[in-house]
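Below you'll find the structure, written out as structure tokens, and then a few comments.
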Amino acid sequence: MKRYFIVMAVLLSLALASCGGGGPSTNIDVTMTDFQFQPNQFTVPAGQEISFSSSNNGAVVHNFVIMKLGTSAGDFFDEEDVPNVYWEVELLPGASTETSFTAPTEPGEYEVVCRTEGHIVSGMTAKLTVVPAE
Ligand SMILES: [Cu+2]
């Protein structure tokens, strides 16, 4: 019985840690649906290698596109936004990926969007906060 409580305590602390207080993490785990990122806020340390895992649970193609600092795709992602992409990954419906990218070196708030037509206005946006590395 005592062991049971210890296990529960460990699980609870892990759950609390994963809910995060907005602390930086080198892991991003995001689910894409029609038309949301879940979760839609991420905090990462500047310049670090970030493990990125994601799955598309929706019925259409989705993308996770990080815009460069100070840029925004606006309501519609088009050709003029392409040079402002910092990093992106595309997932077909039902697909998943495990990859990684290097976080931007400059701290700040970065816009994340899905560049599939019409998805930004449908609410498929997120925020990536880059904080100075410890
Ligand atoms: Cu999308």
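How things are named: the first chain in the structure tokens is A, the next is B, and so on; residues count from 1 in each chain; ligands count from 1 in the order shown.
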* To do: Enumerate as number ranges by chain the residues within 12 Å of ligand 1, counting only C-alpha atoms and all ligand atoms.
  => A: 31-38, 55-65, 76-77, 89-93, 112-126
* All residues 10 Å or closer to Gly70 (chain A), only C-alpha atoms, same chain fewer than 5 positions away omitted, as a VMD selection string -> chain A and resid 84 108 to 111
Grab the residues selected above and save them as a short mmCIF file (atom, residue, chain, number, x, y, z; two decimals), in the first residue's frame with C-alpha atoms.
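As written to disk, again_23.cif reads:
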```
data_model
loop_
_atom_site.label_atom_id
_atom_site.label_comp_id
_atom_site.auth_asym_id
_atom_site.auth_seq_id
_atom_site.Cartn_x
_atom_site.Cartn_y
_atom_site.Cartn_z
CA ASN A 84 10.17 34.84 -42.96
CA GLY A 108 11.44 36.75 -27.78
CA GLU A 109 7.98 35.69 -28.84
CA TYR A 110 7.73 33.88 -32.14
CA GLU A 111 4.57 33.32 -34.10
#
```
* Give the strand (DSSP E) residues of chain A, as DSSP finds them on the backbone, and put them as a ChimeraX atom specification. => /A:27-33,36-38,41-45,49-56,62-67,85-91,96-102,108-113,125-131
* Give the answer as one residue: which of A:Glu88, A:Asp78, A:Asp29, A:Glu134 has the shortest atom-to-atom distance to Phe52 (chain A), using only C-alpha atoms? => A:Asp29
* Asked: Taking only C-alpha atoms into account, which of A:Ser25, A:Pro39, A:Val85, A:Gly47 comes nearest Leu69 (chain A)?
  ->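 Comparing A:Ser25, A:Pro39, A:Val85, A:Gly47 against Leu69 (chain A), the winner is A:Val85.
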* Figure out the distance between CA of Pro24 (chain A) and CA of Pro104 (chain A), please, to one decimal in Å. =>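 Between CA of Pro104 (chain A) and CA of Pro24 (chain A) the gap works out to 13.3 Å.
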